[in-house]
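Next up, model.cif (mmCIF, C-alpha atoms):
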data_coords
#
loop_
_atom_site.label_atom_id
_atom_site.label_comp_id
_atom_site.auth_asym_id
_atom_site.auth_seq_id
_atom_site.Cartn_x
_atom_site.Cartn_y
_atom_site.Cartn_z
CA MET A 1169 56.11 -67.45 -19.52
CA ALA A 1170 54.78 -64.42 -17.73
CA ASP A 1171 55.09 -60.92 -19.37
CA ILE A 1172 57.65 -58.73 -17.85
CA ASN A 1173 56.76 -55.02 -17.85
CA LEU A 1174 60.02 -53.35 -18.64
CA LEU A 1175 58.70 -49.70 -18.67
CA PRO A 1176 59.18 -47.80 -15.45
CA SER A 1177 56.01 -46.53 -13.67
CA GLU A 1178 57.06 -42.82 -14.10
CA GLU A 1179 57.13 -43.20 -17.83
CA LYS A 1180 53.67 -44.77 -17.82
CA THR A 1181 52.26 -41.89 -15.81
CA ALA A 1182 53.93 -39.43 -18.14
CA GLU A 1183 52.27 -41.10 -21.14
CA ARG A 1184 48.86 -40.99 -19.50
CA ILE A 1185 49.27 -37.33 -18.68
CA ASP A 1186 50.43 -36.60 -22.21
CA LEU A 1187 47.40 -38.39 -23.65
CA ALA A 1188 45.08 -36.47 -21.35
CA ARG A 1189 46.82 -33.22 -22.29
CA ARG A 1190 46.37 -33.91 -25.98
CA LYS A 1191 42.69 -34.76 -25.47
CA LEU A 1192 42.18 -31.65 -23.41
CA LEU A 1193 43.98 -29.58 -26.01
CA PHE A 1194 41.72 -30.94 -28.71
CA VAL A 1195 38.59 -30.24 -26.63
CA SER A 1196 39.81 -26.75 -25.72
CA ILE A 1197 40.43 -25.92 -29.38
CA ALA A 1198 36.98 -27.20 -30.27
CA VAL A 1199 35.40 -25.15 -27.46
CA LEU A 1200 37.36 -22.07 -28.50
CA VAL A 1201 36.31 -22.43 -32.13
CA PHE A 1202 32.70 -23.01 -31.08
CA THR A 1203 32.81 -19.98 -28.78
CA ALA A 1204 34.33 -17.84 -31.52
CA ILE A 1205 31.69 -18.89 -34.06
CA LEU A 1206 28.92 -18.42 -31.51
CA THR A 1207 30.20 -14.98 -30.53
CA LEU A 1208 30.48 -13.91 -34.13
CA ALA A 1209 27.04 -15.24 -35.03
CA THR A 1210 25.47 -13.64 -31.97
CA LEU A 1211 27.04 -10.27 -32.67
CA VAL A 1212 26.10 -10.40 -36.36
CA PHE A 1213 22.52 -11.37 -35.53
CA PHE A 1214 22.31 -8.72 -32.82
CA THR A 1215 23.63 -6.05 -35.20
CA ARG A 1216 21.13 -7.10 -37.86
CA LEU A 1217 18.24 -6.95 -35.38
CA VAL A 1218 19.35 -3.50 -34.22
CA SER A 1219 19.47 -2.38 -37.84
CA VAL A 1220 15.97 -3.81 -38.47
CA ARG A 1221 14.67 -2.00 -35.40
CA LYS A 1222 16.16 1.24 -36.65
CA ASP A 1223 14.46 0.76 -40.01
CA MET A 1224 11.18 -0.02 -38.27
CA PHE A 1225 11.37 3.16 -36.21
CA ALA A 1226 12.02 5.11 -39.40
CA LYS A 1227 8.97 3.50 -41.02
CA VAL A 1228 6.82 4.23 -37.95
CA GLU A 1229 7.89 7.87 -38.07
CA GLU A 1230 7.18 8.04 -41.79
CA SER A 1231 3.71 6.50 -41.39
CA THR A 1232 2.94 8.75 -38.41
CA ALA A 1233 3.84 11.79 -40.51
CA GLN A 1234 1.59 10.56 -43.32
CA ILE A 1235 -1.28 10.02 -40.87
CA SER A 1236 -0.76 13.51 -39.48
CA ASP A 1237 -1.02 14.87 -43.03
CA LEU A 1238 -4.34 13.03 -43.42
CA LYS A 1239 -5.66 14.20 -40.04
CA THR A 1240 -8.54 16.17 -41.56
CA THR A 1241 -9.78 13.10 -43.38
CA GLU A 1242 -9.44 11.06 -40.20
CA GLU A 1243 -11.46 13.62 -38.26
CA LEU A 1244 -14.16 13.58 -40.93
CA ILE A 1245 -14.50 9.81 -41.08
CA THR A 1246 -14.41 9.52 -37.27
CA VAL A 1247 -17.26 11.99 -36.81
CA VAL A 1248 -19.29 10.62 -39.73
CA LYS A 1249 -18.82 7.05 -38.53
CA GLN A 1250 -19.75 7.90 -34.94
CA LYS A 1251 -22.86 9.80 -35.89
CA ALA A 1252 -24.00 7.38 -38.60
CA SER A 1253 -23.50 4.43 -36.27
CA THR A 1254 -25.44 6.02 -33.41
CA ALA A 1255 -28.19 7.23 -35.74
CA HIS A 1256 -28.54 3.77 -37.27
CA LYS A 1257 -28.77 2.15 -33.83
CA ILE A 1258 -31.42 4.60 -32.62
CA ILE A 1259 -33.46 4.29 -35.82
CA SER A 1260 -33.30 0.49 -35.64
CA ALA A 1261 -34.36 0.49 -32.00
CA ARG A 1262 -37.05 3.15 -32.06
CA SER A 1263 -40.67 2.17 -31.91
CA ASN A 1264 -42.70 2.58 -35.06
CA ILE A 1265 -45.96 4.03 -33.81
CA SER A 1266 -47.30 4.54 -37.35
CA TYR A 1267 -47.10 0.78 -37.87
CA VAL A 1268 -49.09 0.18 -34.65
CA PHE A 1269 -51.82 2.51 -35.88
CA ASP A 1270 -51.87 0.82 -39.30
CA GLN A 1271 -52.26 -2.58 -37.65
CA LEU A 1272 -54.94 -1.38 -35.24
CA LYS A 1273 -56.96 -0.02 -38.16
CA GLN A 1274 -56.92 -3.44 -39.79
CA LEU A 1275 -57.82 -5.33 -36.62
CA THR A 1276 -60.62 -3.13 -35.31
CA PRO A 1277 -64.16 -4.12 -36.36
CA GLN A 1278 -66.12 -1.45 -38.17
CA GLU A 1279 -68.73 -1.13 -35.40
CA VAL A 1280 -66.08 -0.24 -32.83
CA TYR A 1281 -64.52 3.14 -32.25
CA PHE A 1282 -61.87 4.48 -29.94
CA SER A 1283 -62.41 7.54 -27.81
CA ASP A 1284 -59.06 7.60 -26.08
CA LEU A 1285 -55.71 5.96 -26.72
CA ARG A 1286 -52.58 6.25 -24.62
CA ILE A 1287 -49.15 4.84 -25.20
CA SER A 1288 -46.65 5.11 -22.40
CA SER A 1289 -43.65 3.02 -21.36
CA GLY A 1290 -44.49 0.32 -23.86
CA LYS A 1291 -48.05 -0.04 -22.67
CA ILE A 1292 -51.12 0.84 -24.68
CA VAL A 1293 -54.47 1.68 -23.07
CA ILE A 1294 -57.48 2.03 -25.33
CA SER A 1295 -60.92 3.28 -24.34
CA GLY A 1296 -63.83 3.21 -26.74
CA LYS A 1297 -67.21 1.89 -27.63
CA ALA A 1298 -68.44 -1.25 -29.40
CA LYS A 1299 -71.93 -1.47 -30.92
CA SER A 1300 -72.52 -4.97 -29.57
CA SER A 1301 -70.87 -7.70 -27.56
CA LYS A 1302 -70.18 -9.45 -30.84
CA ASP A 1303 -68.05 -6.54 -32.04
CA MET A 1304 -66.32 -6.41 -28.69
CA ASN A 1305 -65.60 -10.11 -28.87
CA TRP A 1306 -64.01 -9.78 -32.30
CA LEU A 1307 -61.95 -6.80 -31.24
CA ILE A 1308 -60.39 -8.79 -28.41
CA LYS A 1309 -60.04 -11.91 -30.55
CA ASN A 1310 -58.35 -9.98 -33.35
CA LEU A 1311 -56.00 -8.26 -30.95
CA THR A 1312 -54.97 -11.46 -29.20
CA GLU A 1313 -54.66 -13.58 -32.32
CA GLU A 1314 -53.86 -11.50 -35.39
CA GLY A 1315 -52.46 -8.65 -33.36
CA ALA A 1316 -49.89 -10.78 -31.55
CA GLY A 1317 -47.21 -9.07 -33.60
CA ILE A 1318 -47.96 -5.67 -32.11
CA VAL A 1319 -49.57 -6.33 -28.73
CA SER A 1320 -49.35 -8.94 -26.01
CA ASP A 1321 -50.97 -9.50 -22.61
CA VAL A 1322 -54.25 -7.98 -23.71
CA ALA A 1323 -56.45 -7.21 -20.69
CA ILE A 1324 -59.98 -5.86 -20.44
CA ASP A 1325 -59.81 -3.27 -17.69
CA SER A 1326 -63.51 -2.36 -17.83
CA LEU A 1327 -66.52 -3.30 -19.90
CA SER A 1328 -70.05 -1.98 -19.46
CA SER A 1329 -73.10 -1.87 -21.64
CA ASP A 1330 -75.82 0.75 -21.90
CA GLU A 1331 -79.54 0.48 -22.70
CA THR A 1332 -78.82 0.36 -26.48
CA GLY A 1333 -76.64 -2.74 -26.09
CA ALA A 1334 -73.46 -0.82 -26.88
CA TYR A 1335 -70.43 -1.56 -24.80
CA THR A 1336 -68.02 0.98 -23.38
CA PHE A 1337 -64.66 -0.61 -22.84
CA ALA A 1338 -61.14 0.03 -21.62
CA ILE A 1339 -58.48 -2.42 -22.63
CA SER A 1340 -54.77 -2.44 -22.06
CA ALA A 1341 -51.91 -4.38 -23.56
CA GLN A 1342 -48.16 -4.43 -23.83
CA LEU A 1343 -46.76 -3.21 -27.11
CA VAL A 1344 -44.40 -5.72 -28.63
CA GLY A 1345 -40.89 -4.45 -29.18
CA PHE A 1346 -41.48 -1.06 -27.60
CA LYS A 1347 -38.78 0.45 -25.43
CA MET B 1400 78.81 -35.76 1.08
CA ASN B 1401 76.66 -37.29 -1.67
CA LEU B 1402 75.35 -34.29 -3.69
CA SER B 1403 73.39 -36.29 -6.23
CA SER B 1404 71.02 -37.55 -3.60
CA ILE B 1405 70.06 -33.94 -2.73
CA THR B 1406 69.41 -32.51 -6.25
CA LEU B 1407 67.36 -35.37 -7.74
CA PRO B 1408 63.98 -34.60 -6.05
CA LYS B 1409 64.10 -30.95 -7.33
CA ILE B 1410 64.41 -32.13 -10.97
CA ALA B 1411 61.50 -34.50 -10.44
CA ASN B 1412 59.33 -31.59 -9.16
CA GLU B 1413 60.09 -29.41 -12.20
CA GLU B 1414 59.10 -32.24 -14.51
CA GLU B 1415 55.86 -32.63 -12.62
CA ILE B 1416 55.16 -28.91 -12.87
CA SER B 1417 55.85 -28.82 -16.63
CA LYS B 1418 53.55 -31.79 -17.11
CA TRP B 1419 50.70 -30.06 -15.25
CA MET B 1420 51.42 -26.77 -16.99
CA GLY B 1421 50.79 -28.53 -20.28
CA LEU B 1422 47.29 -29.30 -18.98
CA ALA B 1423 46.71 -25.79 -17.64
CA ALA B 1424 46.77 -24.06 -21.06
CA PRO B 1425 43.83 -25.98 -22.63
CA GLY B 1426 42.00 -25.89 -19.27
CA GLY B 1427 42.42 -22.12 -19.16
CA ALA B 1428 41.15 -21.86 -22.75
CA ILE B 1429 38.02 -23.81 -21.84
CA LEU B 1430 37.55 -21.64 -18.78
CA ILE B 1431 37.86 -18.47 -20.86
CA SER B 1432 35.38 -19.87 -23.36
CA VAL B 1433 32.90 -20.56 -20.56
CA ILE B 1434 33.43 -17.04 -19.20
CA ILE B 1435 32.78 -15.60 -22.68
CA ILE B 1436 29.64 -17.70 -23.07
CA VAL B 1437 28.28 -16.80 -19.63
CA PHE B 1438 29.17 -13.13 -19.48
CA ILE B 1439 29.02 -12.03 -23.13
CA ILE B 1440 27.08 -14.43 -25.31
CA TRP B 1441 24.28 -15.27 -22.89
CA PRO B 1442 23.38 -11.61 -22.09
CA LYS B 1443 23.51 -10.78 -25.81
CA PHE B 1444 21.31 -13.77 -26.53
CA THR B 1445 18.76 -12.47 -24.01
CA GLN B 1446 18.96 -9.07 -25.68
CA ILE B 1447 18.43 -10.73 -29.06
CA LEU B 1448 15.29 -12.44 -27.81
CA GLN B 1449 14.02 -9.13 -26.46
CA LEU B 1450 14.90 -7.36 -29.72
CA ARG B 1451 13.14 -10.00 -31.76
CA SER B 1452 10.02 -9.57 -29.68
CA GLU B 1453 10.26 -5.76 -30.01
CA ASN B 1454 10.81 -6.04 -33.75
CA GLU B 1455 7.79 -8.29 -34.11
CA GLN B 1456 5.68 -5.70 -32.29
CA LEU B 1457 7.19 -2.95 -34.42
CA THR B 1458 6.42 -4.89 -37.58
CA LYS B 1459 2.80 -5.21 -36.51
CA ARG B 1460 2.74 -1.51 -35.66
CA VAL B 1461 4.20 -0.57 -39.04
CA GLU B 1462 1.69 -2.81 -40.81
CA SER B 1463 -1.16 -1.30 -38.82
CA LEU B 1464 0.00 2.24 -39.56
CA ASP B 1465 0.55 1.47 -43.23
CA SER B 1466 -2.92 0.00 -43.42
CA LYS B 1467 -4.34 3.11 -41.76
CA VAL B 1468 -2.47 5.38 -44.19
CA GLU B 1469 -3.81 3.32 -47.09
CA THR B 1470 -7.38 3.50 -45.77
CA LEU B 1471 -7.18 7.23 -45.13
CA ALA B 1472 -5.63 7.90 -48.52
CA SER B 1473 -8.39 5.95 -50.23
CA LEU B 1474 -11.16 8.03 -48.62
CA ASP B 1475 -12.74 10.78 -50.64
CA SER B 1476 -12.62 13.89 -48.45
CA ARG B 1477 -15.20 15.74 -50.57
CA GLY B 1478 -17.61 12.85 -50.26
CA LEU B 1479 -16.93 12.77 -46.53
CA ASP B 1480 -17.75 16.48 -46.29
CA ILE B 1481 -21.17 15.78 -47.79
CA LYS B 1482 -21.64 12.80 -45.50
CA LEU B 1483 -20.72 14.92 -42.51
CA GLY B 1484 -23.44 17.38 -43.51
CA ILE B 1485 -25.93 14.52 -43.64
CA ALA B 1486 -24.71 13.07 -40.35
CA GLU B 1487 -25.17 16.50 -38.79
CA GLN B 1488 -28.76 16.41 -40.02
CA LEU B 1489 -29.31 13.09 -38.32
CA LEU B 1490 -27.54 13.93 -35.09
CA PRO B 1491 -26.60 17.58 -34.69
CA SER B 1492 -23.56 18.39 -32.61
CA ASP B 1493 -25.58 20.68 -30.36
CA LYS B 1494 -29.13 20.55 -29.11
CA GLY B 1495 -30.36 22.43 -32.16
CA VAL B 1496 -33.45 23.62 -30.31
CA PHE B 1497 -34.77 26.07 -32.87
CA THR B 1498 -33.99 23.82 -35.81
CA LEU B 1499 -36.01 21.14 -34.05
CA ILE B 1500 -38.92 23.52 -33.40
CA THR B 1501 -38.84 24.65 -37.04
CA GLN B 1502 -38.85 21.04 -38.21
CA ILE B 1503 -41.84 20.21 -36.01
CA GLU B 1504 -43.70 23.35 -37.09
CA ASN B 1505 -43.03 22.54 -40.75
CA THR B 1506 -44.11 18.93 -40.25
CA SER B 1507 -47.37 19.89 -38.57
CA ARG B 1508 -48.07 22.44 -41.32
CA ALA B 1509 -47.36 19.88 -44.03
CA SER B 1510 -49.55 17.28 -42.32
CA GLY B 1511 -52.52 19.57 -41.76
CA VAL B 1512 -52.66 19.42 -37.98
CA LEU B 1513 -52.87 22.42 -35.74
CA LEU B 1514 -49.95 22.70 -33.37
CA ASN B 1515 -51.50 23.95 -30.12
CA LYS B 1516 -48.49 23.86 -27.89
CA ILE B 1517 -44.79 23.10 -27.84
CA ASP B 1518 -43.24 22.61 -24.46
CA LEU B 1519 -39.57 22.07 -23.84
CA ALA B 1520 -36.85 23.10 -21.45
CA PRO B 1521 -33.55 22.48 -23.20
CA GLY B 1522 -31.36 24.00 -20.51
CA SER B 1523 -27.92 25.29 -21.32
CA LEU B 1524 -27.35 25.49 -25.05
CA LYS B 1525 -23.61 25.24 -24.65
CA ASP B 1526 -23.77 22.18 -22.50
CA ALA B 1527 -22.24 19.34 -24.41
CA GLY B 1528 -22.81 16.74 -21.77
CA ALA B 1529 -25.61 15.59 -19.59
CA THR B 1530 -28.08 18.22 -18.46
CA LYS B 1531 -30.50 16.51 -16.23
CA GLY B 1532 -33.46 17.58 -14.25
CA ALA B 1533 -34.38 20.47 -16.54
CA GLY B 1534 -37.71 18.81 -17.16
CA SER B 1535 -37.47 18.15 -20.83
CA SER B 1536 -33.82 17.95 -21.59
CA THR B 1537 -31.82 14.95 -20.65
CA GLY B 1538 -28.32 13.86 -21.23
CA SER B 1539 -27.27 10.41 -22.18
CA THR B 1540 -28.70 7.96 -19.73
CA GLN B 1541 -27.82 4.36 -19.33
CA GLY B 1542 -30.26 3.07 -21.91
CA ASP B 1543 -29.73 5.88 -24.39
CA LEU B 1544 -27.28 5.77 -27.23
CA ALA B 1545 -26.93 9.55 -27.42
CA PRO B 1546 -27.97 12.64 -25.45
CA LYS B 1547 -31.47 13.80 -26.25
CA ILE B 1548 -33.76 16.72 -25.87
CA GLN B 1549 -37.37 16.00 -25.02
CA ILE B 1550 -40.15 18.03 -26.48
CA ARG B 1551 -43.81 17.79 -25.55
CA ILE B 1552 -46.33 18.84 -28.17
CA LEU B 1553 -50.07 19.23 -28.22
CA LEU B 1554 -51.91 19.17 -31.51
CA THR B 1555 -55.38 18.89 -32.91
CA GLY B 1556 -56.64 17.87 -36.30
CA ASP B 1557 -58.52 15.14 -38.08
CA TYR B 1558 -57.38 11.57 -37.62
CA ARG B 1559 -55.88 11.24 -41.11
CA SER B 1560 -53.83 14.39 -40.66
CA PHE B 1561 -52.61 13.07 -37.35
CA GLU B 1562 -51.57 9.83 -39.01
CA GLN B 1563 -49.76 11.83 -41.66
CA PHE B 1564 -48.04 13.86 -38.95
CA LEU B 1565 -46.78 10.64 -37.34
CA LYS B 1566 -45.45 9.40 -40.66
CA ASN B 1567 -43.82 12.74 -41.44
CA ILE B 1568 -42.17 13.06 -38.05
CA PHE B 1569 -40.35 9.78 -38.75
CA SER B 1570 -39.21 11.03 -42.12
CA VAL B 1571 -37.64 14.18 -40.68
CA SER B 1572 -33.89 14.00 -41.13
CA ARG B 1573 -33.14 14.48 -37.43
CA VAL B 1574 -33.35 11.27 -35.45
CA MET B 1575 -36.46 11.45 -33.33
CA ALA B 1576 -38.52 8.91 -31.45
CA VAL B 1577 -42.06 9.26 -30.18
CA LYS B 1578 -42.12 8.18 -26.55
CA ASP B 1579 -45.47 8.85 -24.92
CA LEU B 1580 -48.62 9.44 -26.88
CA SER B 1581 -52.11 10.32 -25.79
CA LEU B 1582 -54.88 10.55 -28.33
CA SER B 1583 -58.49 11.42 -27.64
CA SER B 1584 -61.34 12.05 -29.98
CA SER B 1585 -63.29 15.24 -29.85
CA ALA B 1586 -65.66 14.36 -32.66
CA SER B 1587 -69.33 14.82 -33.16
CA SER B 1588 -70.97 11.94 -35.00
CA SER B 1589 -72.08 14.15 -37.83
CA GLU B 1590 -68.56 14.80 -38.99
CA GLN B 1591 -67.05 12.58 -41.64
CA THR B 1592 -63.59 12.53 -40.18
CA THR B 1593 -62.95 12.41 -36.47
CA GLN B 1594 -61.23 15.34 -34.84
CA VAL B 1595 -58.54 14.20 -32.47
CA ARG B 1596 -56.50 15.89 -29.84
CA ALA B 1597 -53.06 14.46 -29.36
CA SER B 1598 -50.27 15.07 -26.97
CA MET B 1599 -46.96 13.37 -27.33
CA THR B 1600 -43.42 13.39 -26.08
CA ILE B 1601 -40.73 13.32 -28.72
CA ASP B 1602 -37.08 12.52 -28.04
CA ALA B 1603 -34.80 14.39 -30.42
CA TYR B 1604 -31.25 13.07 -30.32
CA TRP B 1605 -27.98 14.93 -30.70
CA GLN B 1606 -24.37 14.01 -30.30
CA PRO B 1607 -21.49 16.31 -29.44
CA LEU B 1608 -18.37 16.19 -31.57
CA PRO B 1609 -15.59 14.03 -30.17
CA LYS B 1610 -13.04 16.14 -28.31
CA GLU B 1611 -10.08 14.14 -29.48
CA LEU B 1612 -9.23 11.45 -31.96
CA ASN B 1613 -8.38 7.92 -30.98
CA SER B 1614 -4.74 6.89 -30.70
CA ILE B 1615 -2.75 7.14 -33.90
CA GLU B 1616 -2.62 3.37 -34.18
CA SER B 1617 -6.36 2.84 -33.93
CA GLN B 1618 -7.75 1.57 -37.18
CA ILE B 1619 -10.19 3.54 -39.29
CA GLU B 1620 -13.57 1.91 -39.50
CA ASP B 1621 -15.42 2.64 -42.68
CA LEU B 1622 -19.19 2.97 -42.75
CA THR B 1623 -21.16 -0.26 -42.82
CA SER B 1624 -23.75 -0.77 -45.53
CA GLU B 1625 -26.55 -0.08 -43.00
CA GLU B 1626 -24.94 3.16 -41.89
CA SER B 1627 -24.42 4.24 -45.48
CA ALA B 1628 -28.06 3.41 -46.18
CA THR B 1629 -29.12 5.61 -43.24
CA LEU B 1630 -27.11 8.51 -44.70
CA ASP B 1631 -28.39 7.84 -48.22
CA GLN B 1632 -31.95 7.95 -46.94
CA VAL B 1633 -31.41 11.56 -45.83
CA LEU B 1634 -29.56 12.34 -49.05
CA SER B 1635 -32.50 11.04 -51.07
CA THR B 1636 -34.78 13.60 -49.42
CA GLY B 1637 -32.51 16.35 -50.69
CA PHE B 1638 -32.27 17.94 -47.25
CA ILE B 1639 -28.54 17.98 -46.71
CA ALA B 1640 -28.72 21.26 -44.83
CA PRO B 1641 -30.81 22.05 -41.76
CA PRO B 1642 -34.05 23.98 -42.33
CA ALA B 1643 -33.26 27.64 -42.67
CA ILE B 1644 -34.77 29.90 -40.06
CA PRO B 1645 -35.65 33.15 -41.88
CA PRO B 1646 -34.16 36.35 -40.43
CA VAL B 1647 -36.39 38.82 -38.58
CA PRO B 1648 -36.03 42.60 -38.33
CA LYS B 1649 -34.16 43.64 -35.19
CA GLY B 1650 -33.94 46.83 -33.08
CA LYS B 1651 -36.57 48.15 -30.67
CA THR B 1652 -37.02 51.49 -28.86
CA ASP B 1653 -39.33 50.20 -26.10
CA LEU B 1654 -38.46 46.74 -24.85
CA PHE B 1655 -41.92 46.31 -23.28
CA SER B 1656 -44.04 47.48 -26.18
CA GLN B 1657 -46.12 44.64 -27.66
CA TYR B 1658 -45.61 43.45 -31.21
#
How does this structure look as structure tokens?
Amino acid sequence: MADINLLPSEEKTAERIDLARRKLLFVSIAVLVFTAILTLATLVFFTRLVSVRKDMFAKVEESTAQISDLKTTEELITVVKQKASTAHKIISARSNISYVFDQLKQLTPQEVYFSDLRISSGKIVISGKAKSSKDMNWLIKNLTEEGAGIVSDVAIDSLSSDETGAYTFAISAQLVGFK
Amino acid sequence: MNLSSITLPKIANEEEISKWMGLAAPGGAILISVIIIVFIIWPKFTQILQLRSENEQLTKRVESLDSKVETLASLDSRGLDIKLGIAEQLLPSDKGVFTLITQIENTSRASGVLLNKIDLAPGSLKDAGATKGAGSSTGSTQGDLAPKIQIRILLTGDYRSFEQFLKNIFSVSRVMAVKDLSLSSSASSSEQTTQVRASMTIDAYWQPLPKELNSIESQIEDLTSEESATLDQVLSTGFIAPPAIPPVPKGKTDLFSQY
């Protein structure tokens, strides 16, 4: 036997609307509670951050005052640091001519002497005399091999002998590490 | 006239309205919540993000300042005074022309060479910056770490004394560098030691005092071990003050009378 729906259609609609209203009421309460909690949390967090910022500003002011009190010390260390740093850099970079002379003394054969020596723009030009070609040979050999630490690109600019067999020479080279 | 047939639709409308009104209240509450979220919470949230970022920066700033205070407080100002004296020896704050001349004269005397000539043109003594084109005084150029004053000297003596002079010039407290050097012998073969004639250009460095300090937040850099060693080297020589230039009697009646 078929079911007979005895409820009128108006009543059915009214039930549906009532159910929807209750659901909506529940959702609206939930949203309201959520909004209230969120608002409260946001305001509390915001207030705390503002308070932290205030404290930070106070600390910055305090530290700034302390630094101002120590200004003399700051000036001293700044000047000392600047000068010591620059001095150290210059001393480290400057050419040690004494060392070049010490090395040249060790590399030059005994039967060779210099009459003129010029150092300019990292280039050394030496004029002098060697007793024999043998001495001259060893001078050049020593400079190019053992003297590689102080000179490079050794060149013989002039070489001439006299009636005694002595050689007058002019050699040039680049000084290593010279600025 | 049938009155009931006229009033019934009105009652039905009121029922409808009350039904929909029941829905309007929660709907309005949701709408108000959305309005609160959009117009109050969201802007505050943006402000919170901004505040957090600002506070983070402030925290770093406070830490940096605290660290600077700690560093400055730990420095010994008396020790720094002494170090400043030494640093002034290395790099004077002005050109220090006559101190330089005195140092070179003393060095040549101590080395046993005869100082034939000193040639320099320092230019303005007050000038703290670059003075160029004065012949022997230059400011800081691209390759230079500090302004310098150039001095040309001519000296004669035996070779060993010259070598000693070179060594001594490097041990002078002021930072100097020998640039150009010309050395020629003027010896006769009979002599035991060769007489040499030397001319050289010496760069003597100086560094003006800084006109202002860095920003308050810039950190203090302490001296490195190498820099301390450079200062200690001067300290070890005992010369923590520039060479004194002795006073001379003053006052003259005739400005053109010879001494």
Contact table chain B vs chain A, cut-off 6 Å, shortest pair per residue, only C-alpha atoms, as CSV:
residue,atom,partner,partner_atom,distance
B:Leu1422,CA,A:Arg1189,CA,5.2
B:Pro1425,CA,A:Leu1193,CA,4.9
B:Ala1428,CA,A:Ser1196,CA,5.9
B:Ile1429,CA,A:Ser1196,CA,5.2
B:Ser1432,CA,A:Leu1200,CA,5.9
B:Ile1447,CA,A:Phe1214,CA,5.8
B:Asn1454,CA,A:Arg1221,CA,5.8
B:Val1461,CA,A:Val1228,CA,5.6
B:Leu1464,CA,A:Ser1231,CA,5.9
B:Val1468,CA,A:Ile1235,CA,5.8
B:Ser1476,CA,A:Thr1241,CA,5.9
B:Leu1483,CA,A:Val1248,CA,5.3
B:Ala1486,CA,A:Lys1251,CA,5.8
B:Ala1576,CA,A:Arg1262,CA,6.0
B:Asp1579,CA,A:Ser1288,CA,4.7
B:Leu1580,CA,A:Ile1287,CA,4.9
B:Ser1581,CA,A:Arg1286,CA,4.3
B:Leu1582,CA,A:Leu1285,CA,4.9
B:Ser1583,CA,A:Asp1284,CA,4.2
B:Ser1584,CA,A:Ser1283,CA,5.1
B:Leu1622,CA,A:Lys1249,CA,5.9
B:Glu1626,CA,A:Ala1252,CA,5.4
So what does the PyMOL selection byres ((chain B and resi 1555) around 8) actually pick up in this one, as a short mmCIF file (atom, residue, chain, number, x, y, z; two decimals) with C-alpha atoms, in the frame of the given file?
data_model
loop_
_atom_site.label_atom_id
_atom_site.label_comp_id
_atom_site.auth_asym_id
_atom_site.auth_seq_id
_atom_site.Cartn_x
_atom_site.Cartn_y
_atom_site.Cartn_z
CA VAL B 1512 -52.66 19.42 -37.98
CA LEU B 1513 -52.87 22.42 -35.74
CA LEU B 1514 -49.95 22.70 -33.37
CA ASN B 1515 -51.50 23.95 -30.12
CA LEU B 1553 -50.07 19.23 -28.22
CA LEU B 1554 -51.91 19.17 -31.51
CA GLY B 1556 -56.64 17.87 -36.30
CA ASP B 1557 -58.52 15.14 -38.08
CA PHE B 1561 -52.61 13.07 -37.35
CA GLN B 1594 -61.23 15.34 -34.84
CA VAL B 1595 -58.54 14.20 -32.47
CA ARG B 1596 -56.50 15.89 -29.84
CA ALA B 1597 -53.06 14.46 -29.36
#
Inset, instruction - Can you work out which one of B:Gly1522, B:Gly1478, B:Gly1511, B:Gly1484 has the shortest atom-to-atom distance to Arg1573 of chain B, counting all atoms listed in the file? - result: B:Gly1484
Inset, instruction - Given the file shown, determine the residues that the PyMOL selection byres ((chain A and resi 1301) around 10) selects; report them as a list in words. - result: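 Going through the file, the PyMOL selection byres ((chain A and resi 1301) around 10) ends up selecting Ala1298, Lys1299, Ser1300, Lys1302, Asp1303, Met1304, Asn1305, Trp1306, Leu1307, Leu1327, Ser1328, Ser1329, Gly1333, Ala1334 and Tyr1335 of chain A.
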Inset, instruction - Evaluate the PyMOL selection byres ((chain B and resi 1644) around 12) and record the selected residues as a list in words, following the chain and residue labels used in the document. - result: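 For this structure, the PyMOL selection byres ((chain B and resi 1644) around 12) captures Gly1495, Val1496, Phe1497, Thr1498, Leu1499, Ile1500, Thr1501, Gln1502, Glu1504, Asn1505, Ala1640, Pro1641, Pro1642, Ala1643, Pro1645, Pro1646 and Val1647 of chain B.
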Legend entry - Point-to-point distance from atom CA of Val1633 of chain B to atom CA of Met1575 of chain B, Å rounded to tenths: 13.5 Å
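One distance worth recording is that between atom CA of Ser1473 of chain B and atom CA of Leu1612 of chain B, which is 19.1 Å.
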Legend entry - For atom CA of Ile1339 of chain A and atom CA of Ala1323 of chain A, the interatomic separation in Å (one decimal):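 Taking atom CA of Ile1339 of chain A and atom CA of Ala1323 of chain A, their separation equals 5.6 Å.
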